[in-house]
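Undergrad: Pasting final37.pdb here (PDB, C-alpha atoms):
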MODEL        1
ATOM      1  CA  MET X   1       0.000   0.000   0.000
ATOM      2  CA  LYS X   2       1.054   3.507  -0.593
ATOM      3  CA  ILE X   3       1.542   5.978   2.241
ATOM      4  CA  PRO X   4      -1.387   8.264   1.250
ATOM      5  CA  THR X   5      -3.740   5.268   1.283
ATOM      6  CA  ILE X   6      -2.511   4.174   4.710
ATOM      7  CA  LEU X   7      -2.945   7.711   6.078
ATOM      8  CA  ALA X   8      -6.450   7.967   4.621
ATOM      9  CA  VAL X   9      -7.481   4.646   6.178
ATOM     10  CA  ALA X  10      -5.996   5.667   9.546
ATOM     11  CA  ALA X  11      -7.798   9.047   9.436
ATOM     12  CA  ALA X  12     -11.086   7.328   8.594
ATOM     13  CA  ALA X  13     -10.643   4.856  11.455
ATOM     14  CA  ILE X  14      -9.935   7.650  13.929
ATOM     15  CA  THR X  15     -12.939   9.646  12.742
ATOM     16  CA  LEU X  16     -15.271   6.663  12.992
ATOM     17  CA  THR X  17     -13.947   5.736  16.441
ATOM     18  CA  SER X  18     -14.358   9.250  17.814
ATOM     19  CA  SER X  19     -17.862   9.467  16.330
ATOM     20  CA  ALA X  20     -18.798   6.162  17.921
ATOM     21  CA  LEU X  21     -17.525   7.297  21.330
ATOM     22  CA  GLY X  22     -19.389  10.578  20.964
ATOM     23  CA  ASP X  23     -22.605   8.781  20.078
ATOM     24  CA  LYS X  24     -22.143   6.356  22.946
ATOM     25  CA  TYR X  25     -22.120   9.140  25.545
ATOM     26  CA  SER X  26     -24.350  11.706  23.813
ATOM     27  CA  ASP X  27     -27.454  10.304  25.517
ATOM     28  CA  LEU X  28     -25.782  10.865  28.913
ATOM     29  CA  VAL X  29     -24.927  14.450  27.951
ATOM     30  CA  ALA X  30     -28.557  14.989  26.914
ATOM     31  CA  GLN X  31     -29.614  13.832  30.407
ATOM     32  CA  GLY X  32     -27.340  16.455  31.988
ATOM     33  CA  PHE X  33     -24.307  14.321  32.798
ATOM     34  CA  ARG X  34     -20.848  15.881  32.493
ATOM     35  CA  TRP X  35     -17.278  14.826  33.236
ATOM     36  CA  THR X  36     -15.045  16.974  35.414
ATOM     37  CA  ILE X  37     -11.767  18.289  34.035
ATOM     38  CA  ALA X  38     -10.629  20.216  37.119
ATOM     39  CA  ASP X  39      -8.459  18.783  39.847
ATOM     40  CA  GLY X  40      -9.002  20.499  43.146
ATOM     41  CA  LEU X  41     -11.291  21.834  45.815
ATOM     42  CA  TYR X  42     -13.737  23.490  43.409
ATOM     43  CA  ALA X  43     -17.204  22.139  44.284
ATOM     44  CA  CYS X  44     -18.955  24.178  46.982
ATOM     45  CA  VAL X  45     -22.241  24.054  48.847
ATOM     46  CA  SER X  46     -22.897  27.764  48.251
ATOM     47  CA  LYS X  47     -22.713  29.749  45.022
ATOM     48  CA  ASP X  48     -20.835  32.485  46.852
ATOM     49  CA  ASP X  49     -18.070  30.128  47.976
ATOM     50  CA  VAL X  50     -17.046  29.062  44.450
ATOM     51  CA  PRO X  51     -15.325  32.364  43.505
ATOM     52  CA  ARG X  52     -13.590  32.406  46.881
ATOM     53  CA  MET X  53     -12.163  28.918  46.280
ATOM     54  CA  VAL X  54     -11.160  29.642  42.683
ATOM     55  CA  ASN X  55      -9.789  33.175  43.158
ATOM     56  CA  ASN X  56      -8.227  32.835  46.628
ATOM     57  CA  PRO X  57      -6.929  29.294  47.017
ATOM     58  CA  SER X  58      -4.830  29.973  50.117
ATOM     59  CA  ASP X  59      -4.228  27.145  52.560
ATOM     60  CA  GLU X  60      -6.168  29.019  55.244
ATOM     61  CA  VAL X  61      -9.276  29.365  53.071
ATOM     62  CA  ARG X  62      -9.073  25.738  51.909
ATOM     63  CA  LEU X  63      -8.686  24.427  55.450
ATOM     64  CA  LYS X  64     -11.622  26.503  56.694
ATOM     65  CA  MET X  65     -13.864  25.333  53.844
ATOM     66  CA  VAL X  66     -12.980  21.670  54.397
ATOM     67  CA  GLU X  67     -13.432  21.892  58.180
ATOM     68  CA  GLU X  68     -16.863  23.457  57.725
ATOM     69  CA  VAL X  69     -17.745  20.855  55.047
ATOM     70  CA  LYS X  70     -18.454  23.580  52.506
ATOM     71  CA  ALA X  71     -16.134  22.412  49.705
ATOM     72  CA  TYR X  72     -15.453  19.144  47.927
ATOM     73  CA  PHE X  73     -12.783  17.954  45.515
ATOM     74  CA  LEU X  74     -13.310  17.528  41.805
ATOM     75  CA  ILE X  75     -11.162  14.861  40.170
ATOM     76  CA  PRO X  76     -10.662  14.685  36.385
ATOM     77  CA  GLY X  77     -12.922  12.098  34.764
ATOM     78  CA  MET X  78     -15.478  12.015  37.584
ATOM     79  CA  ILE X  79     -19.034  12.053  36.243
ATOM     80  CA  VAL X  80     -21.551  14.487  37.710
ATOM     81  CA  GLN X  81     -25.111  15.447  36.860
ATOM     82  CA  VAL X  82     -25.915  19.083  36.178
ATOM     83  CA  ILE X  83     -29.100  20.041  38.010
ATOM     84  CA  GLU X  84     -29.160  23.775  37.288
ATOM     85  CA  GLU X  85     -27.066  26.285  35.368
ATOM     86  CA  ASP X  86     -26.446  29.966  36.029
ATOM     87  CA  PRO X  87     -24.929  31.265  32.779
ATOM     88  CA  SER X  88     -24.640  34.840  34.062
ATOM     89  CA  PHE X  89     -22.020  33.719  36.607
ATOM     90  CA  GLY X  90     -20.745  30.690  34.684
ATOM     91  CA  LEU X  91     -21.818  28.318  37.454
ATOM     92  CA  SER X  92     -23.465  24.907  37.435
ATOM     93  CA  LYS X  93     -25.273  23.161  40.258
ATOM     94  CA  ILE X  94     -24.175  19.517  40.238
ATOM     95  CA  ARG X  95     -24.964  16.226  41.905
ATOM     96  CA  MET X  96     -22.037  13.920  42.750
ATOM     97  CA  ALA X  97     -22.104  10.272  43.792
ATOM     98  CA  GLY X  98     -21.721   9.820  47.531
ATOM     99  CA  ILE X  99     -22.467  13.463  48.396
ATOM    100  CA  THR X 100     -25.894  14.130  49.906
ATOM    101  CA  VAL X 101     -26.117  17.827  48.986
ATOM    102  CA  ASP X 102     -26.032  19.462  45.582
ATOM    103  CA  LEU X 103     -22.905  21.512  44.906
ATOM    104  CA  TRP X 104     -21.904  24.502  42.784
ATOM    105  CA  THR X 105     -18.869  24.677  40.509
ATOM    106  CA  LEU X 106     -17.686  26.654  37.511
ATOM    107  CA  THR X 107     -19.240  25.396  34.291
ATOM    108  CA  ARG X 108     -15.815  25.553  32.630
ATOM    109  CA  PHE X 109     -14.688  22.705  34.931
ATOM    110  CA  LEU X 110     -17.227  20.369  33.272
ATOM    111  CA  SER X 111     -16.937  18.700  29.887
ATOM    112  CA  LYS X 112     -19.592  17.359  27.538
ATOM    113  CA  GLU X 113     -16.917  15.095  26.073
ATOM    114  CA  ALA X 114     -16.227  11.875  27.952
ATOM    115  CA  VAL X 115     -13.028  12.117  30.016
ATOM    116  CA  LYS X 116     -11.089   9.133  31.329
ATOM    117  CA  ASP X 117     -10.517   9.001  35.083
ATOM    118  CA  THR X 118      -7.177   8.286  36.781
ATOM    119  CA  TYR X 119      -7.580   4.571  36.025
ATOM    120  CA  GLY X 120      -8.151   5.201  32.319
ATOM    121  CA  VAL X 121     -11.866   4.387  32.552
ATOM    122  CA  ILE X 122     -14.767   6.551  31.424
ATOM    123  CA  GLU X 123     -17.240   6.753  34.297
ATOM    124  CA  THR X 124     -20.947   6.284  33.691
ATOM    125  CA  PRO X 125     -23.788   7.007  36.112
ATOM    126  CA  GLU X 126     -24.053   3.291  36.903
ATOM    127  CA  THR X 127     -20.351   2.739  37.583
ATOM    128  CA  SER X 128     -19.997   5.915  39.652
ATOM    129  CA  GLY X 129     -22.945   5.309  41.948
ATOM    130  CA  LEU X 130     -25.073   8.211  40.683
ATOM    131  CA  ILE X 131     -27.702   5.715  39.558
ATOM    132  CA  PRO X 132     -28.135   2.626  41.746
ATOM    133  CA  THR X 133     -27.957  -0.619  39.792
ATOM    134  CA  ALA X 134     -29.472  -2.917  42.432
ATOM    135  CA  THR X 135     -31.761  -2.644  45.404
ATOM    136  CA  SER X 136     -30.094  -2.068  48.730
ATOM    137  CA  ALA X 137     -32.415  -4.377  50.693
ATOM    138  CA  ILE X 138     -31.875  -8.108  50.665
ATOM    139  CA  ASP X 139     -35.007 -10.226  50.388
ATOM    140  CA  ALA X 140     -34.294 -13.523  52.111
ATOM    141  CA  GLY X 141     -37.875 -14.747  51.680
ATOM    142  CA  PRO X 142     -40.016 -16.130  54.495
ATOM    143  CA  MET X 143     -38.082 -16.900  57.636
ATOM    144  CA  PRO X 144     -38.486 -20.408  59.133
ATOM    145  CA  VAL X 145     -39.890 -20.744  62.634
ATOM    146  CA  PRO X 146     -36.998 -21.552  64.965
ATOM    147  CA  ASP X 147     -37.077 -25.006  66.529
ATOM    148  CA  PHE X 148     -35.525 -24.034  69.827
ATOM    149  CA  SER X 149     -36.551 -22.792  73.222
ATOM    150  CA  PRO X 150     -35.356 -19.459  74.618
ATOM    151  CA  ILE X 151     -34.636 -21.309  77.892
ATOM    152  CA  PRO X 152     -31.682 -23.704  77.628
ATOM    153  CA  GLY X 153     -32.546 -27.326  78.381
ATOM    154  CA  VAL X 154     -36.338 -26.845  78.073
ATOM    155  CA  SER X 155     -38.240 -27.955  74.964
ATOM    156  CA  PRO X 156     -41.096 -25.801  73.778
ATOM    157  CA  THR X 157     -44.490 -27.276  74.578
ATOM    158  CA  PRO X 158     -47.198 -26.801  71.934
ATOM    159  CA  GLY X 159     -50.332 -24.984  73.113
ATOM    160  CA  LEU X 160     -48.732 -23.127  76.015
ATOM    161  CA  SER X 161     -48.924 -19.350  76.065
ATOM    162  CA  PRO X 162     -45.616 -17.468  76.159
ATOM    163  CA  THR X 163     -46.917 -15.144  78.896
ATOM    164  CA  PRO X 164     -47.015 -16.462  82.468
ATOM    165  CA  GLY X 165     -50.475 -17.131  83.831
ATOM    166  CA  ALA X 166     -52.221 -16.928  80.444
ATOM    167  CA  SER X 167     -52.468 -20.703  80.076
ATOM    168  CA  ASP X 168     -53.737 -21.063  83.668
ATOM    169  CA  GLN X 169     -56.747 -18.839  82.927
ATOM    170  CA  SER X 170     -57.701 -20.680  79.751
ATOM    171  CA  ALA X 171     -57.688 -24.059  81.581
ATOM    172  CA  GLU X 172     -60.401 -22.986  84.032
TER     173      GLU X 172
ENDMDL
END
Turn the structure described in the file into structure tokens.
TA:
Amino acid sequence: MKIPTILAVAAAAITLTSSALGDKYSDLVAQGFRWTIADGLYACVSKDDVPRMVNNPSDEVRLKMVEEVKAYFLIPGMIVQVIEEDPSFGLSKIRMAGITVDLWTLTRFLSKEAVKDTYGVIETPETSGLIPTATSAIDAGPMPVPDFSPIPGVSPTPGLSPTPGASDQSAE
């Protein structure tokens, strides 16, 4: 094969692969899912705290925000769900797996393109824990009646009441 043919085939393969990856995750993007590209303490409980964390990242401010549980880390490749956007300030309200409150971050820290995490894996809502894949309760079915007495050495007697004196009254 000639070099131009090889280059054309390689370019076509790359284009088709990137299109397939884009199509694979486009439905997640349509549902509001994004991948983080920032690495740092940039997700905050309050809208007002985001500029403080981005513009003044001193150790004192970071420590105070972490101690008061007002800021959380974003890690590249982590998937989040955008709940609300504030384009005038460039902020997005996001939901992260494992965090019980919604957080605010800069929209520029979020990507509509799938980003691999530190392990080289593209997170999905199912793999991250944003969407539960199984029920948390275990159904063991009907429980068998135990064949033992609560008093060691004494066998249960059928027909006797578990409360003292109840069987004496019914015998009269």
Undergrad: For X:Pro125, find every residue with an atom within 8 Å (counting only C-alpha atoms), except residues of its own chain fewer than 5 positions away, and show them as a VMD selection string.
TA: chain X and resid 79 to 80 130 to 131
Undergrad: Can you spit out the residues from that selection as a PDB file, in the coordinates of the input, using C-alpha atoms?
TA:
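After the write, again-v1.pdb holds the following:
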ATOM      1  CA  ILE X  79     -19.034  12.053  36.243  1.00  0.00           C
ATOM      2  CA  VAL X  80     -21.551  14.487  37.710  1.00  0.00           C
ATOM      3  CA  LEU X 130     -25.073   8.211  40.683  1.00  0.00           C
ATOM      4  CA  ILE X 131     -27.702   5.715  39.558  1.00  0.00           C
TER       5      ILE X 131
END
Undergrad: So how far away is atom CA of X:Leu91 from atom CA of X:Lys116, in Å?
TA: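 For atom CA of X:Lys116 relative to atom CA of X:Leu91, the distance reads 22.8 Å.
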Undergrad: Any idea what's packed within 6 Å of X:Phe109, counting only C-alpha atoms, ignoring anything in its chain fewer than 5 positions away? Could you give it as a list in words?
TA: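 Here the qualifying residues turn out to be Thr36, Ile37 and Ala38 of chain X.
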Undergrad: Just the number, please: distance in Å from atom CA of X:Gly40 to atom CA of X:Tyr72, one decimal.
TA: 8.1 Å
Undergrad: Measure the distance from atom CA of X:Asp39 to atom CA of X:Val101 in Å and round it to one decimal.
TA: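 Spanning atom CA of X:Asp39 to atom CA of X:Val101 is a straight-line distance of 19.9 Å.
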Undergrad: Give one line per residue of stretch 96-122 of chain X that approaches stretch 51-56 of chain X to at most 12 Å, naming the two atoms of the closest pair and their distance in Å to one decimal, counting only C-alpha atoms; sort by chain then ascending residue number and deliver it as CSV.
TA:
residue,atom,partner,partner_atom,distance
X:Trp104,CA,X:Pro51,CA,10.3
X:Thr105,CA,X:Pro51,CA,9.0
X:Leu106,CA,X:Pro51,CA,8.6
X:Arg108,CA,X:Val54,CA,11.8
X:Phe109,CA,X:Val54,CA,11.0
Undergrad: What's around X:Val69 at 9 Å? Count all atoms listed in the file, leave out sequence neighbours fewer than 5 positions away in its own chain, and write the answer as a list in words.
TA: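 Listed by chain and then number, they are Cys44, Val45 and Lys64 of chain X.
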Undergrad: Restricting the calculation to all atoms listed in the file: of X:Thr118, X:Ser58, X:Ser26, X:Gln31, which residue gets closest to X:Ile83?
TA: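 Selected residue with least distance to X:Ile83: X:Gln31.
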Undergrad: Could you list, as number ranges by chain, every residue matched by the PyMOL selection byres ((chain X and resi 96) around 8) in this structure?
TA: X: 79-81, 94-95, 97-99, 102-103, 130
Undergrad: Around all of stretch 33-45 of chain X's listed atoms, make the axis-aligned box with 6 Å on each side and tell me centre and edge lengths in Å to one decimal, as lines of an AutoDock Vina configuration file.
TA:
center_x = -16.4
center_y = 19.2
center_z = 40.7
size_x = 27.8
size_y = 21.9
size_z = 28.4
Undergrad: Got a sec to resolve the PyMOL selection byres ((chain X and resi 113) around 9) on this structure and send the residues as a PDB file with C-alpha atoms, in the coordinates of the input?
TA:
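That gives us part31.pdb:
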ATOM      1  CA  GLY X  22     -19.389  10.578  20.964  1.00  0.00           C
ATOM      2  CA  TYR X  25     -22.120   9.140  25.545  1.00  0.00           C
ATOM      3  CA  SER X  26     -24.350  11.706  23.813  1.00  0.00           C
ATOM      4  CA  VAL X  29     -24.927  14.450  27.951  1.00  0.00           C
ATOM      5  CA  ARG X  34     -20.848  15.881  32.493  1.00  0.00           C
ATOM      6  CA  TRP X  35     -17.278  14.826  33.236  1.00  0.00           C
ATOM      7  CA  LEU X 110     -17.227  20.369  33.272  1.00  0.00           C
ATOM      8  CA  SER X 111     -16.937  18.700  29.887  1.00  0.00           C
ATOM      9  CA  LYS X 112     -19.592  17.359  27.538  1.00  0.00           C
ATOM     10  CA  ALA X 114     -16.227  11.875  27.952  1.00  0.00           C
ATOM     11  CA  VAL X 115     -13.028  12.117  30.016  1.00  0.00           C
TER      12      VAL X 115
END
